[in-house]
file coords_36.txt (compact mmCIF, N, CA and C atoms and all ligand atoms)
# COMPACT_ATOMS: atom_id res chain seq x y z
N MET A 1 24.85 -29.43 -118.64
CA MET A 1 23.95 -28.31 -118.34
C MET A 1 22.50 -28.78 -118.39
N LYS A 2 22.23 -29.55 -119.43
CA LYS A 2 20.88 -30.04 -119.60
C LYS A 2 20.48 -30.91 -118.39
N ILE A 3 21.43 -31.72 -117.96
CA ILE A 3 21.18 -32.62 -116.83
C ILE A 3 20.94 -31.79 -115.56
N LEU A 4 21.77 -30.75 -115.40
CA LEU A 4 21.66 -29.89 -114.21
C LEU A 4 20.29 -29.21 -114.16
N LEU A 5 19.86 -28.70 -115.33
CA LEU A 5 18.55 -28.03 -115.41
C LEU A 5 17.44 -29.01 -115.05
N HIS A 6 17.64 -30.21 -115.49
CA HIS A 6 16.65 -31.23 -115.21
C HIS A 6 16.60 -31.55 -113.71
N LEU A 7 17.78 -31.52 -113.09
CA LEU A 7 17.87 -31.87 -111.68
C LEU A 7 17.45 -30.73 -110.75
N LEU A 8 17.59 -29.50 -111.26
CA LEU A 8 17.38 -28.32 -110.41
C LEU A 8 16.08 -28.34 -109.60
N PRO A 9 14.93 -28.67 -110.23
CA PRO A 9 13.69 -28.68 -109.42
C PRO A 9 13.78 -29.65 -108.24
N HIS A 10 14.56 -30.71 -108.43
CA HIS A 10 14.69 -31.68 -107.34
C HIS A 10 15.65 -31.19 -106.28
N LEU A 11 16.69 -30.47 -106.75
CA LEU A 11 17.73 -30.00 -105.82
C LEU A 11 17.30 -28.78 -105.02
N LEU A 12 16.46 -27.94 -105.66
CA LEU A 12 16.11 -26.67 -105.04
C LEU A 12 15.58 -26.78 -103.61
N PRO A 13 14.63 -27.69 -103.37
CA PRO A 13 14.15 -27.79 -101.97
C PRO A 13 15.27 -28.14 -101.00
N LYS A 14 16.21 -28.98 -101.47
CA LYS A 14 17.33 -29.37 -100.60
C LYS A 14 18.22 -28.17 -100.30
N ILE A 15 18.45 -27.36 -101.35
CA ILE A 15 19.29 -26.17 -101.16
C ILE A 15 18.63 -25.21 -100.17
N LEU A 16 17.30 -25.04 -100.34
CA LEU A 16 16.58 -24.14 -99.44
C LEU A 16 16.61 -24.64 -98.01
N ILE A 17 16.46 -25.94 -97.84
CA ILE A 17 16.49 -26.51 -96.49
C ILE A 17 17.87 -26.32 -95.87
N SER A 18 18.91 -26.51 -96.70
CA SER A 18 20.28 -26.30 -96.21
C SER A 18 20.48 -24.86 -95.76
N ALA A 19 19.98 -23.93 -96.56
CA ALA A 19 20.14 -22.51 -96.22
C ALA A 19 19.40 -22.20 -94.92
N ALA A 20 18.19 -22.76 -94.79
CA ALA A 20 17.40 -22.52 -93.58
C ALA A 20 18.11 -23.11 -92.36
N LEU A 21 18.71 -24.28 -92.55
CA LEU A 21 19.44 -24.92 -91.45
C LEU A 21 20.62 -24.06 -91.02
N LEU A 22 21.33 -23.52 -92.01
CA LEU A 22 22.48 -22.66 -91.71
C LEU A 22 22.06 -21.46 -90.87
N VAL A 23 20.95 -20.84 -91.26
CA VAL A 23 20.45 -19.68 -90.52
C VAL A 23 20.13 -20.09 -89.08
N CYS A 24 19.47 -21.25 -88.94
CA CYS A 24 19.10 -21.73 -87.60
C CYS A 24 20.33 -22.00 -86.75
N LEU A 25 21.36 -22.55 -87.41
CA LEU A 25 22.58 -22.89 -86.65
C LEU A 25 23.33 -21.65 -86.21
N PHE A 26 23.36 -20.64 -87.08
CA PHE A 26 24.20 -19.48 -86.78
C PHE A 26 23.49 -18.39 -85.99
N ALA A 27 22.18 -18.26 -86.16
CA ALA A 27 21.45 -17.19 -85.49
C ALA A 27 21.61 -17.24 -83.96
N PRO A 28 21.45 -18.42 -83.30
CA PRO A 28 21.60 -18.42 -81.84
C PRO A 28 23.03 -18.08 -81.41
N ALA A 29 24.00 -18.49 -82.23
CA ALA A 29 25.40 -18.22 -81.89
C ALA A 29 25.70 -16.73 -81.98
N MET A 30 25.02 -16.05 -82.88
CA MET A 30 25.28 -14.63 -83.06
C MET A 30 24.56 -13.77 -82.02
N ALA A 31 23.40 -14.19 -81.59
CA ALA A 31 22.58 -13.38 -80.69
C ALA A 31 23.29 -13.00 -79.38
N PRO A 32 23.93 -13.95 -78.65
CA PRO A 32 24.56 -13.55 -77.39
C PRO A 32 25.71 -12.58 -77.61
N ALA A 33 26.45 -12.75 -78.72
CA ALA A 33 27.59 -11.87 -78.99
C ALA A 33 27.10 -10.44 -79.21
N MET A 34 25.97 -10.30 -79.91
CA MET A 34 25.45 -8.97 -80.17
C MET A 34 24.91 -8.34 -78.89
N ALA A 35 24.26 -9.14 -78.07
CA ALA A 35 23.72 -8.64 -76.81
C ALA A 35 24.85 -8.19 -75.90
N ALA A 36 25.93 -8.97 -75.87
CA ALA A 36 27.06 -8.65 -75.01
C ALA A 36 27.69 -7.33 -75.43
N GLU A 37 27.68 -7.09 -76.75
CA GLU A 37 28.29 -5.87 -77.25
C GLU A 37 27.49 -4.65 -76.82
N MET A 38 26.16 -4.80 -76.80
CA MET A 38 25.32 -3.65 -76.48
C MET A 38 25.34 -3.31 -74.99
N VAL A 39 25.19 -4.32 -74.13
CA VAL A 39 25.13 -4.01 -72.71
C VAL A 39 26.45 -4.29 -72.00
N ALA A 40 27.45 -4.81 -72.73
CA ALA A 40 28.75 -5.15 -72.15
C ALA A 40 28.58 -6.02 -70.92
N GLU A 41 27.80 -7.07 -71.08
CA GLU A 41 27.60 -8.01 -69.98
C GLU A 41 28.01 -9.40 -70.47
N ILE A 42 28.86 -10.06 -69.70
CA ILE A 42 29.32 -11.40 -70.07
C ILE A 42 29.13 -12.32 -68.88
N SER A 43 28.92 -13.60 -69.15
CA SER A 43 28.75 -14.52 -68.04
C SER A 43 29.28 -15.90 -68.40
N ALA A 44 29.56 -16.68 -67.36
CA ALA A 44 30.11 -18.02 -67.55
C ALA A 44 29.91 -18.82 -66.28
N PRO A 45 29.85 -20.14 -66.42
CA PRO A 45 29.80 -20.99 -65.22
C PRO A 45 31.21 -21.16 -64.65
N SER A 46 31.32 -21.89 -63.57
CA SER A 46 32.63 -22.10 -62.96
C SER A 46 33.06 -23.54 -63.12
N SER A 47 34.35 -23.75 -62.90
CA SER A 47 34.89 -25.10 -62.85
C SER A 47 35.73 -25.21 -61.58
N PRO A 48 35.45 -26.09 -60.62
CA PRO A 48 34.32 -27.00 -60.62
C PRO A 48 32.99 -26.26 -60.64
N ALA A 49 31.94 -26.96 -61.04
CA ALA A 49 30.61 -26.35 -61.14
C ALA A 49 30.14 -25.88 -59.77
N GLY A 50 29.22 -24.94 -59.77
CA GLY A 50 28.66 -24.48 -58.50
C GLY A 50 28.41 -22.98 -58.47
N LEU A 51 29.16 -22.24 -59.28
CA LEU A 51 28.99 -20.79 -59.30
C LEU A 51 28.65 -20.33 -60.70
N SER A 52 27.89 -19.24 -60.77
CA SER A 52 27.76 -18.59 -62.06
C SER A 52 28.23 -17.16 -61.90
N VAL A 53 29.00 -16.72 -62.88
CA VAL A 53 29.65 -15.42 -62.83
C VAL A 53 29.06 -14.54 -63.92
N THR A 54 28.65 -13.35 -63.55
CA THR A 54 28.19 -12.37 -64.53
C THR A 54 28.99 -11.10 -64.33
N MET A 55 29.56 -10.60 -65.40
CA MET A 55 30.33 -9.36 -65.32
C MET A 55 29.68 -8.28 -66.17
N THR A 56 29.54 -7.10 -65.60
CA THR A 56 28.95 -5.98 -66.31
C THR A 56 29.94 -4.83 -66.34
N SER A 57 30.25 -4.36 -67.52
CA SER A 57 31.20 -3.26 -67.65
C SER A 57 30.55 -1.95 -67.23
N GLN A 58 31.31 -1.14 -66.52
CA GLN A 58 30.78 0.18 -66.16
C GLN A 58 31.15 1.21 -67.21
N LEU A 59 31.88 0.75 -68.23
CA LEU A 59 32.18 1.60 -69.38
C LEU A 59 31.29 1.12 -70.52
N SER A 60 30.41 1.99 -70.98
CA SER A 60 29.47 1.60 -72.02
C SER A 60 29.33 2.72 -73.04
N PRO A 61 29.57 2.47 -74.29
CA PRO A 61 30.01 1.19 -74.85
C PRO A 61 31.46 0.88 -74.49
N LEU A 62 31.75 -0.38 -74.43
CA LEU A 62 33.09 -0.83 -74.11
C LEU A 62 34.04 -0.39 -75.22
N SER A 63 35.19 0.17 -74.84
CA SER A 63 36.13 0.59 -75.88
C SER A 63 37.56 0.36 -75.42
N ILE A 64 38.48 0.44 -76.36
CA ILE A 64 39.88 0.15 -76.01
C ILE A 64 40.57 1.37 -75.41
N ASN A 65 41.66 1.11 -74.69
CA ASN A 65 42.54 2.15 -74.12
C ASN A 65 41.88 3.04 -73.08
N GLN A 66 40.84 2.55 -72.44
CA GLN A 66 40.21 3.35 -71.39
C GLN A 66 40.18 2.55 -70.10
N MET A 67 40.75 3.09 -69.05
CA MET A 67 40.72 2.44 -67.74
C MET A 67 39.27 2.47 -67.25
N HIS A 68 38.80 1.32 -66.80
CA HIS A 68 37.41 1.27 -66.35
C HIS A 68 37.19 0.14 -65.34
N SER A 69 36.00 0.08 -64.79
CA SER A 69 35.65 -0.92 -63.78
C SER A 69 34.57 -1.86 -64.29
N TRP A 70 34.49 -3.00 -63.64
CA TRP A 70 33.42 -3.96 -63.92
C TRP A 70 32.77 -4.33 -62.60
N GLU A 71 31.52 -4.72 -62.68
CA GLU A 71 30.86 -5.31 -61.54
C GLU A 71 30.80 -6.82 -61.78
N ILE A 72 31.28 -7.58 -60.80
CA ILE A 72 31.24 -9.04 -60.89
C ILE A 72 30.12 -9.52 -59.99
N ARG A 73 29.22 -10.34 -60.53
CA ARG A 73 28.13 -10.87 -59.70
C ARG A 73 28.26 -12.39 -59.60
N LEU A 74 28.28 -12.87 -58.37
CA LEU A 74 28.40 -14.31 -58.12
C LEU A 74 27.09 -14.87 -57.58
N GLN A 75 26.69 -15.99 -58.18
CA GLN A 75 25.49 -16.68 -57.71
C GLN A 75 25.82 -18.16 -57.57
N ASP A 76 25.18 -18.80 -56.60
CA ASP A 76 25.34 -20.26 -56.49
C ASP A 76 24.36 -20.93 -57.44
N SER A 77 24.35 -22.27 -57.43
CA SER A 77 23.52 -22.98 -58.41
C SER A 77 22.03 -22.80 -58.17
N ASP A 78 21.65 -22.28 -56.98
CA ASP A 78 20.24 -21.99 -56.72
C ASP A 78 19.88 -20.54 -57.04
N GLY A 79 20.88 -19.80 -57.53
CA GLY A 79 20.63 -18.40 -57.86
C GLY A 79 20.78 -17.45 -56.68
N ASN A 80 21.31 -17.97 -55.54
CA ASN A 80 21.51 -17.10 -54.38
C ASN A 80 22.80 -16.31 -54.51
N ALA A 81 22.79 -15.09 -53.99
CA ALA A 81 23.98 -14.23 -54.00
C ALA A 81 25.08 -14.87 -53.17
N VAL A 82 26.31 -14.79 -53.68
CA VAL A 82 27.46 -15.35 -52.97
C VAL A 82 28.34 -14.22 -52.44
N ALA A 83 28.42 -14.12 -51.12
CA ALA A 83 29.28 -13.13 -50.48
C ALA A 83 30.57 -13.81 -50.01
N ASP A 84 31.49 -13.04 -49.46
CA ASP A 84 32.71 -13.57 -48.84
C ASP A 84 33.63 -14.34 -49.77
N ALA A 85 33.58 -14.07 -51.06
CA ALA A 85 34.51 -14.72 -51.97
C ALA A 85 35.72 -13.82 -52.16
N GLU A 86 36.87 -14.46 -52.38
CA GLU A 86 38.07 -13.70 -52.74
C GLU A 86 38.27 -13.94 -54.23
N ILE A 87 38.33 -12.86 -54.98
CA ILE A 87 38.40 -13.00 -56.45
C ILE A 87 39.69 -12.39 -57.00
N GLU A 88 40.38 -13.20 -57.79
CA GLU A 88 41.59 -12.74 -58.47
C GLU A 88 41.27 -12.72 -59.97
N VAL A 89 41.65 -11.67 -60.65
CA VAL A 89 41.32 -11.55 -62.07
C VAL A 89 42.58 -11.40 -62.92
N ARG A 90 42.67 -12.22 -63.94
CA ARG A 90 43.73 -12.09 -64.94
C ARG A 90 43.06 -12.01 -66.29
N GLY A 91 43.77 -11.47 -67.25
CA GLY A 91 43.16 -11.37 -68.57
C GLY A 91 44.21 -11.36 -69.65
N GLY A 92 43.76 -11.54 -70.86
CA GLY A 92 44.68 -11.49 -71.98
C GLY A 92 44.01 -11.84 -73.27
N MET A 93 44.82 -11.87 -74.31
CA MET A 93 44.33 -12.26 -75.63
C MET A 93 45.01 -13.57 -76.00
N PRO A 94 44.28 -14.68 -75.89
CA PRO A 94 44.88 -15.99 -76.16
C PRO A 94 45.51 -16.09 -77.56
N ALA A 95 44.88 -15.45 -78.54
CA ALA A 95 45.39 -15.55 -79.92
C ALA A 95 46.71 -14.81 -80.08
N HIS A 96 46.96 -13.83 -79.22
CA HIS A 96 48.19 -13.03 -79.31
C HIS A 96 49.20 -13.42 -78.25
N ASN A 97 48.79 -14.28 -77.36
CA ASN A 97 49.70 -14.76 -76.32
C ASN A 97 50.22 -13.63 -75.41
N HIS A 98 49.35 -12.68 -75.10
CA HIS A 98 49.76 -11.66 -74.13
C HIS A 98 48.65 -11.40 -73.12
N GLY A 99 49.04 -10.82 -72.01
CA GLY A 99 48.10 -10.54 -70.93
C GLY A 99 47.56 -9.13 -71.00
N LEU A 100 46.97 -8.71 -69.89
CA LEU A 100 46.47 -7.34 -69.77
C LEU A 100 47.65 -6.42 -69.48
N ALA A 101 47.50 -5.16 -69.85
CA ALA A 101 48.54 -4.19 -69.55
C ALA A 101 48.42 -3.70 -68.11
N THR A 102 47.31 -3.99 -67.46
CA THR A 102 47.08 -3.55 -66.08
C THR A 102 46.87 -4.77 -65.18
N GLN A 103 46.81 -4.53 -63.88
CA GLN A 103 46.52 -5.60 -62.94
C GLN A 103 45.24 -5.28 -62.18
N PRO A 104 44.11 -5.68 -62.75
CA PRO A 104 42.83 -5.35 -62.12
C PRO A 104 42.69 -5.96 -60.73
N GLN A 105 42.03 -5.24 -59.85
CA GLN A 105 41.84 -5.70 -58.48
C GLN A 105 40.38 -5.57 -58.07
N VAL A 106 39.91 -6.56 -57.32
CA VAL A 106 38.60 -6.42 -56.69
C VAL A 106 38.83 -5.59 -55.44
N THR A 107 38.20 -4.43 -55.39
CA THR A 107 38.48 -3.49 -54.31
C THR A 107 37.36 -3.38 -53.29
N ARG A 108 36.17 -3.82 -53.63
CA ARG A 108 35.05 -3.60 -52.73
C ARG A 108 33.94 -4.62 -52.93
N TYR A 109 33.30 -5.00 -51.82
CA TYR A 109 32.09 -5.80 -51.92
C TYR A 109 30.91 -4.85 -51.93
N LEU A 110 30.06 -4.99 -52.93
CA LEU A 110 28.96 -4.04 -53.10
C LEU A 110 27.65 -4.56 -52.52
N GLY A 111 27.67 -5.77 -51.96
CA GLY A 111 26.45 -6.37 -51.44
C GLY A 111 25.73 -7.18 -52.50
N ASP A 112 24.87 -8.08 -52.06
CA ASP A 112 24.02 -8.84 -52.98
C ASP A 112 24.82 -9.68 -53.98
N GLY A 113 25.99 -10.18 -53.55
CA GLY A 113 26.80 -11.02 -54.42
C GLY A 113 27.58 -10.26 -55.48
N ARG A 114 27.65 -8.93 -55.33
CA ARG A 114 28.33 -8.10 -56.33
C ARG A 114 29.66 -7.55 -55.81
N TYR A 115 30.66 -7.59 -56.66
CA TYR A 115 32.01 -7.14 -56.30
C TYR A 115 32.48 -6.12 -57.33
N LEU A 116 33.24 -5.12 -56.86
CA LEU A 116 33.74 -4.09 -57.78
C LEU A 116 35.16 -4.45 -58.23
N LEU A 117 35.33 -4.54 -59.54
CA LEU A 117 36.65 -4.81 -60.11
C LEU A 117 37.15 -3.53 -60.78
N GLN A 118 38.30 -3.05 -60.31
CA GLN A 118 38.82 -1.79 -60.85
C GLN A 118 40.13 -2.02 -61.61
N GLY A 119 40.43 -1.11 -62.49
CA GLY A 119 41.73 -1.13 -63.17
C GLY A 119 41.81 -2.00 -64.40
N VAL A 120 40.71 -2.09 -65.13
CA VAL A 120 40.73 -2.88 -66.37
C VAL A 120 40.95 -1.93 -67.55
N ARG A 121 41.88 -2.32 -68.41
CA ARG A 121 42.08 -1.55 -69.66
C ARG A 121 42.48 -2.52 -70.76
N PHE A 122 41.68 -2.55 -71.81
CA PHE A 122 42.00 -3.40 -72.96
C PHE A 122 42.76 -2.52 -73.94
N HIS A 123 43.97 -2.91 -74.28
CA HIS A 123 44.79 -2.01 -75.09
C HIS A 123 44.76 -2.31 -76.58
N MET A 124 43.98 -3.28 -76.99
CA MET A 124 43.80 -3.46 -78.44
C MET A 124 42.48 -4.14 -78.76
N ALA A 125 42.05 -3.99 -79.99
CA ALA A 125 40.79 -4.62 -80.44
C ALA A 125 41.04 -6.09 -80.70
N GLY A 126 39.99 -6.89 -80.54
CA GLY A 126 40.10 -8.32 -80.80
C GLY A 126 39.45 -9.14 -79.71
N ALA A 127 39.79 -10.41 -79.66
CA ALA A 127 39.19 -11.34 -78.69
C ALA A 127 39.98 -11.36 -77.38
N TRP A 128 39.30 -10.97 -76.31
CA TRP A 128 39.90 -10.96 -74.98
C TRP A 128 39.26 -12.04 -74.11
N GLU A 129 40.04 -12.45 -73.13
CA GLU A 129 39.56 -13.46 -72.19
C GLU A 129 39.85 -12.95 -70.78
N LEU A 130 38.86 -13.08 -69.90
CA LEU A 130 39.10 -12.75 -68.49
C LEU A 130 39.00 -14.04 -67.69
N GLN A 131 40.01 -14.29 -66.89
CA GLN A 131 40.02 -15.49 -66.05
C GLN A 131 39.84 -15.08 -64.60
N LEU A 132 38.85 -15.67 -63.97
CA LEU A 132 38.61 -15.39 -62.56
C LEU A 132 38.95 -16.61 -61.72
N LEU A 133 39.72 -16.37 -60.65
CA LEU A 133 39.97 -17.41 -59.66
C LEU A 133 39.21 -16.97 -58.42
N ILE A 134 38.24 -17.78 -58.04
CA ILE A 134 37.34 -17.41 -56.95
C ILE A 134 37.55 -18.35 -55.77
N ASN A 135 38.07 -17.81 -54.69
CA ASN A 135 38.24 -18.62 -53.48
C ASN A 135 37.03 -18.46 -52.59
N LEU A 136 36.40 -19.59 -52.31
CA LEU A 136 35.20 -19.56 -51.48
C LEU A 136 35.17 -20.80 -50.59
N ASN A 137 35.18 -20.56 -49.30
CA ASN A 137 35.13 -21.65 -48.31
C ASN A 137 36.15 -22.77 -48.59
N GLY A 138 37.37 -22.37 -48.93
CA GLY A 138 38.43 -23.37 -49.12
C GLY A 138 38.48 -24.00 -50.50
N THR A 139 37.54 -23.64 -51.38
CA THR A 139 37.56 -24.17 -52.74
C THR A 139 37.92 -23.05 -53.72
N THR A 140 38.76 -23.38 -54.71
CA THR A 140 39.06 -22.41 -55.75
C THR A 140 38.29 -22.76 -57.01
N TYR A 141 37.42 -21.85 -57.40
CA TYR A 141 36.64 -22.02 -58.62
C TYR A 141 37.30 -21.18 -59.71
N ARG A 142 37.27 -21.69 -60.93
CA ARG A 142 37.84 -20.96 -62.04
C ARG A 142 36.74 -20.69 -63.05
N SER A 143 36.78 -19.48 -63.60
CA SER A 143 35.76 -19.12 -64.57
C SER A 143 36.42 -18.31 -65.68
N VAL A 144 36.11 -18.63 -66.91
CA VAL A 144 36.71 -17.93 -68.05
C VAL A 144 35.61 -17.24 -68.84
N LEU A 145 35.77 -15.93 -69.01
CA LEU A 145 34.76 -15.15 -69.73
C LEU A 145 35.40 -14.52 -70.98
N ASN A 146 34.67 -14.56 -72.05
CA ASN A 146 35.21 -14.06 -73.33
C ASN A 146 34.47 -12.83 -73.80
N LEU A 147 35.23 -11.93 -74.38
CA LEU A 147 34.58 -10.78 -75.01
C LEU A 147 35.35 -10.35 -76.23
N GLU A 148 34.64 -9.67 -77.11
CA GLU A 148 35.19 -9.24 -78.39
C GLU A 148 35.15 -7.72 -78.45
N LEU A 149 36.28 -7.13 -78.71
CA LEU A 149 36.33 -5.67 -78.77
C LEU A 149 36.70 -5.18 -80.16
CU CU A 201 46.56 -8.55 -78.64

call {"tool": "encode", "arguments": {"input": "coords_36.txt", "output": "structure tokens"}}
result
Amino acid sequence: MKILLHLLPHLLPKILISAALLVCLFAPAMAPAMAAEMVAEISAPSSPAGLSVTMTSQLSPLSINQMHSWEIRLQDSDGNAVADAEIEVRGGMPAHNHGLATQPQVTRYLGDGRYLLQGVRFHMAGAWELQLLINLNGTTYRSVLNLEL
């Protein structure tokens, strides 16, 4: 105990620096999750690279067991709107090994790189994943978007 007390003044700055580092490491990771929860907007790049996908829920706040639509926005790497894509959407909860209870469909092109996705219903709380297969000019791009309900 005596030794610890003696060491404490030396250790304290290190402990404080560690705590500050932890805050710095975790704060950026938490910020996007909180923002996504408020506006129900999620985004991800594509594989192969070239597209960026942004999805905005038309149900706000996002909740379980409610059929709702999303707007999918596609942009190329220069930020230009991407039209004429064919989009297939699948979803599920990877941790539970099950898919969506519905089969969402892109039903309409809304202009300006935006597509209407209808028929989404999340039937339980937890971590969900939406997988988009985007066919554009003979290439299939894949994009995975995550959300927490
Ligand atoms: Cu589940």

call {"tool": "closest_residue", "arguments": {"input": "coords_36.txt", "among": "A:Leu132, A:Ala85, A:Leu74, A:Leu149", "to": "Gly113 in chain A", "atoms": "all atoms listed in the file"}}
result
A:Leu74

call {"tool": "residues_near_ligand", "arguments": {"input": "coords_36.txt", "ligand": "ligand CU 201 (chain A)", "cutoff": "7 Å", "atoms": "only C-alpha atoms and all ligand atoms", "output": "list in words"}}
result
Met93, His96, His98, Met124 and Gly126 of chain A

call {"tool": "atom_distance", "arguments": {"input": "coords_36.txt", "atom1": "CA of Asp112 in chain A", "atom2": "CA of Ala83 in chain A"}}
result
7.2 Å

call {"tool": "closest_residue", "arguments": {"input": "coords_36.txt", "among": "A:Ser63, A:Ser77, A:Thr56, A:Ser69", "to": "Val120 in chain A", "atoms": "only C-alpha atoms"}}
result
A:Ser69

call {"tool": "closest_residue", "arguments": {"input": "coords_36.txt", "among": "A:Ser60, A:Glu86, A:His123, A:Tyr115", "to": "Leu100 in chain A", "atoms": "only N, CA and C atoms"}}
result
A:His123

call {"tool": "closest_residue", "arguments": {"input": "coords_36.txt", "among": "A:Ala49, A:Met67, A:Val89, A:Leu117", "to": "Ile134 in chain A", "atoms": "all atoms listed in the file"}}
result
A:Val89

call {"tool": "residues_around", "arguments": {"input": "coords_36.txt", "residues": "Asp78 in chain A", "least_positions_apart": "2", "cutoff": "8 Å", "atoms": "all atoms listed in the file", "output": "PyMOL selection string"}}
result
chain A and resi 50-52+75-76+80-81

call {"tool": "residues_around", "arguments": {"input": "coords_36.txt", "residues": "Ala44 in chain A", "least_positions_apart": "6", "cutoff": "8 Å", "atoms": "only N, CA and C atoms", "output": "list of chain:residue names"}}
result
A:Leu51, A:Ser52, A:Val53, A:Thr54, A:Met55, A:Arg142, A:Ser143, A:Val144, A:Leu145, A:Asn146

call {"tool": "atom_distance", "arguments": {"input": "coords_36.txt", "atom1": "atom N of Trp128 in chain A", "atom2": "atom C of Leu62 in chain A"}}
result
11.9 Å

call {"tool": "atom_distance", "arguments": {"input": "coords_36.txt", "atom1": "CA of Gln58 in chain A", "atom2": "CA of Asp84 in chain A"}}
result
22.2 Å

call {"tool": "residues_around", "arguments": {"input": "coords_36.txt", "residues": "Leu116 in chain A", "least_positions_apart": "3", "cutoff": "6.5 Å", "atoms": "all atoms listed in the file", "output": "PyMOL selection string"}}
result
chain A and resi 70-72+105-110

call {"tool": "closest_residue", "arguments": {"input": "coords_36.txt", "among": "A:Gly119, A:Pro48, A:Gly92, A:Ala40", "to": "Thr139 in chain A", "atoms": "only N, CA and C atoms"}}
result
A:Pro48

call {"tool": "closest_residue", "arguments": {"input": "coords_36.txt", "among": "A:Thr102, A:Ser46, A:Glu41, A:Asn135", "to": "Arg121 in chain A", "atoms": "all atoms listed in the file"}}
result
A:Thr102
